[in-house]
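Engineer: What follows is target_24.pdb, made up of PDB, C-alpha atoms, pLDDT in the B column:
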ATOM      1  CA  MET A 228     -15.518  -5.948 -10.588  1.00 61.00           C
ATOM      2  CA  ARG A 229     -14.797  -7.693  -7.320  1.00 67.00           C
ATOM      3  CA  THR A 230     -16.987 -10.523  -6.101  1.00 70.00           C
ATOM      4  CA  THR A 231     -18.448 -10.361  -2.614  1.00 73.00           C
ATOM      5  CA  VAL A 232     -18.730 -14.123  -2.094  1.00 76.00           C
ATOM      6  CA  THR A 233     -15.602 -15.786  -0.772  1.00 85.00           C
ATOM      7  CA  VAL A 234     -14.594 -19.312  -1.652  1.00 86.00           C
ATOM      8  CA  ARG A 235     -15.176 -20.358   1.955  1.00 86.00           C
ATOM      9  CA  THR A 236     -18.740 -19.029   1.863  1.00 89.00           C
ATOM     10  CA  ALA A 237     -19.426 -20.785  -1.420  1.00 91.00           C
ATOM     11  CA  VAL A 238     -18.074 -24.109  -0.127  1.00 92.00           C
ATOM     12  CA  VAL A 239     -20.113 -23.915   3.078  1.00 93.00           C
ATOM     13  CA  PHE A 240     -23.245 -23.008   1.107  1.00 94.00           C
ATOM     14  CA  LEU A 241     -22.777 -25.803  -1.450  1.00 96.00           C
ATOM     15  CA  LEU A 242     -22.130 -28.419   1.246  1.00 96.00           C
ATOM     16  CA  THR A 243     -25.257 -27.261   3.068  1.00 96.00           C
ATOM     17  CA  VAL A 244     -27.373 -27.455  -0.093  1.00 96.00           C
ATOM     18  CA  LEU A 245     -26.044 -30.930  -0.903  1.00 97.00           C
ATOM     19  CA  THR A 246     -26.811 -32.114   2.615  1.00 96.00           C
ATOM     20  CA  ALA A 247     -30.345 -30.722   2.508  1.00 96.00           C
ATOM     21  CA  ALA A 248     -31.043 -32.171  -0.936  1.00 97.00           C
ATOM     22  CA  THR A 249     -29.749 -35.584   0.087  1.00 97.00           C
ATOM     23  CA  ALA A 250     -31.837 -35.617   3.249  1.00 96.00           C
ATOM     24  CA  GLY A 251     -34.948 -34.565   1.355  1.00 96.00           C
ATOM     25  CA  VAL A 252     -34.511 -37.122  -1.418  1.00 97.00           C
ATOM     26  CA  LEU A 253     -33.700 -39.986   0.935  1.00 97.00           C
ATOM     27  CA  THR A 254     -36.706 -39.130   3.093  1.00 96.00           C
ATOM     28  CA  ALA A 255     -38.958 -39.007   0.027  1.00 96.00           C
ATOM     29  CA  LEU A 256     -37.616 -42.348  -1.192  1.00 97.00           C
ATOM     30  CA  THR A 257     -38.697 -43.990   2.063  1.00 96.00           C
ATOM     31  CA  GLY A 258     -42.283 -43.145   1.209  1.00 95.00           C
ATOM     32  CA  ALA A 259     -42.702 -40.243   3.602  1.00 95.00           C
ATOM     33  CA  PRO A 260     -45.094 -37.464   2.611  1.00 96.00           C
ATOM     34  CA  THR A 261     -43.705 -34.476   0.737  1.00 95.00           C
ATOM     35  CA  ALA A 262     -44.086 -32.251   3.785  1.00 96.00           C
ATOM     36  CA  GLY A 263     -41.943 -34.642   5.807  1.00 96.00           C
ATOM     37  CA  ALA A 264     -39.223 -34.625   3.154  1.00 96.00           C
ATOM     38  CA  VAL A 265     -39.223 -30.822   3.078  1.00 96.00           C
ATOM     39  CA  LEU A 266     -39.006 -30.668   6.869  1.00 97.00           C
ATOM     40  CA  ALA A 267     -36.137 -33.165   6.864  1.00 96.00           C
ATOM     41  CA  ALA A 268     -34.293 -31.083   4.263  1.00 96.00           C
ATOM     42  CA  GLY A 269     -34.834 -27.922   6.299  1.00 96.00           C
ATOM     43  CA  ALA A 270     -33.649 -29.558   9.494  1.00 97.00           C
ATOM     44  CA  ALA A 271     -30.587 -30.960   7.736  1.00 96.00           C
ATOM     45  CA  SER A 272     -29.656 -27.564   6.325  1.00 96.00           C
ATOM     46  CA  ALA A 273     -30.155 -25.865   9.689  1.00 96.00           C
ATOM     47  CA  THR A 274     -27.803 -28.392  11.267  1.00 96.00           C
ATOM     48  CA  ALA A 275     -25.282 -28.568   8.411  1.00 95.00           C
ATOM     49  CA  LEU A 276     -24.653 -24.841   8.058  1.00 94.00           C
ATOM     50  CA  PRO A 277     -23.060 -24.239  11.492  1.00 93.00           C
ATOM     51  CA  PHE A 278     -21.334 -27.641  11.330  1.00 94.00           C
ATOM     52  CA  PHE A 279     -19.569 -27.014   8.013  1.00 92.00           C
ATOM     53  CA  ASP A 280     -18.858 -23.397   8.946  1.00 90.00           C
ATOM     54  CA  ALA A 281     -17.077 -24.468  12.141  1.00 89.00           C
ATOM     55  CA  LEU A 282     -15.337 -27.355  10.384  1.00 88.00           C
ATOM     56  CA  ILE A 283     -13.893 -25.181   7.630  1.00 85.00           C
ATOM     57  CA  ASP A 284     -13.073 -22.361  10.040  1.00 81.00           C
ATOM     58  CA  SER A 285     -11.031 -24.699  12.222  1.00 76.00           C
ATOM     59  CA  GLU A 286      -8.927 -25.640   9.181  1.00 65.00           C
ATOM     60  CA  THR A 287      -8.439 -22.037   8.052  1.00 61.00           C
ATOM     61  CA  PRO A 288      -5.160 -20.374   9.045  1.00 66.00           C
ATOM     62  CA  GLY A 289      -6.008 -17.769  11.634  1.00 62.00           C
ATOM     63  CA  GLY A 290      -9.339 -19.468  12.333  1.00 59.00           C
ATOM     64  CA  ARG A 291     -10.747 -19.981  15.788  1.00 58.00           C
ATOM     65  CA  GLY A 292      -9.531 -23.572  15.912  1.00 54.00           C
ATOM     66  CA  PRO A 293     -11.310 -26.317  17.791  1.00 53.00           C
ATOM     67  CA  THR A 294     -13.467 -25.099  20.641  1.00 53.00           C
ATOM     68  CA  ARG A 295     -13.347 -26.855  23.977  1.00 45.00           C
TER      69      ARG A 295
END
How does this structure look as structure tokens?
Structural biologist:
Amino acid sequence: MRTTVTVRTAVVFLLTVLTAATAGVLTALTGAPTAGAVLAAGAASATALPFFDALIDSETPGGRGPTR
């Protein structure tokens, strides 16, 4: 059976999850309310996903390369 998730997709997803978890934990450690930590994690994941996707795509042969 063939998997539908590529290695690139898995790497982008894992980097996004790690970024969100780190932002949430660090925000919680500063004493912020739980809702603030969850919002920080959500904002970090929303920012990290396109960032890591573009970063990995620029390094992929045949990728779009850096945009100007």
Engineer: What lies within 7 Å of Gly251 in chain A using all atoms listed in the file, ignoring chain neighbours under 2 positions off, as number ranges by chain?
Structural biologist: A: 247-249, 253-255, 264-265, 267-268
Engineer: Go through A:Val244, A:Ala250, A:Val234, A:Val239 one by one, measure the shortest atom-to-atom distance of each to Phe278 in chain A using all atoms listed in the file, and give the residue with the smallest value.
Structural biologist: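 Smallest distance to Phe278 in chain A is found for A:Val239.
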Engineer: Pick from A:Val252, A:Leu241, A:Val232, A:Ile283: nearest to Leu266 in chain A, with all atoms listed in the file counted?
Structural biologist: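 For Leu266 in chain A, the nearest of the candidates is A:Val252.
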Engineer: Quick one, how far is CA of Thr246 in chain A from CA of Ser272 in chain A?
Structural biologist: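 According to the coordinates, CA of Thr246 in chain A and CA of Ser272 in chain A are separated by 6.5 Å.
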Engineer: Nearest to Ala270 in chain A: which of A:Thr257, A:Thr243, A:Ser285, A:Thr230 is it, counting all atoms listed in the file?
Structural biologist: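 Of the candidates, the smallest distance to Ala270 in chain A is held by A:Thr243.
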Engineer: In Å, rounded to a single decimal, give me how far CA of Ala262 in chain A is from CA of Thr274 in chain A.
Structural biologist: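 Value for the CA of Thr274 in chain A-CA of Ala262 in chain A distance: 18.3 Å.
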Engineer: Given the choices A:Leu245, A:Gly263, A:Phe240, A:Leu256, which gets closest to Pro277 in chain A if the distance is worked out from only C-alpha atoms?
Structural biologist: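 So, comparing all the options, the nearest one is A:Phe240.
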Engineer: What does the structure give for the distance between CA of Thr236 in chain A and CA of Ala271 in chain A, in Å to one decimal?
Structural biologist: 17.8 Å
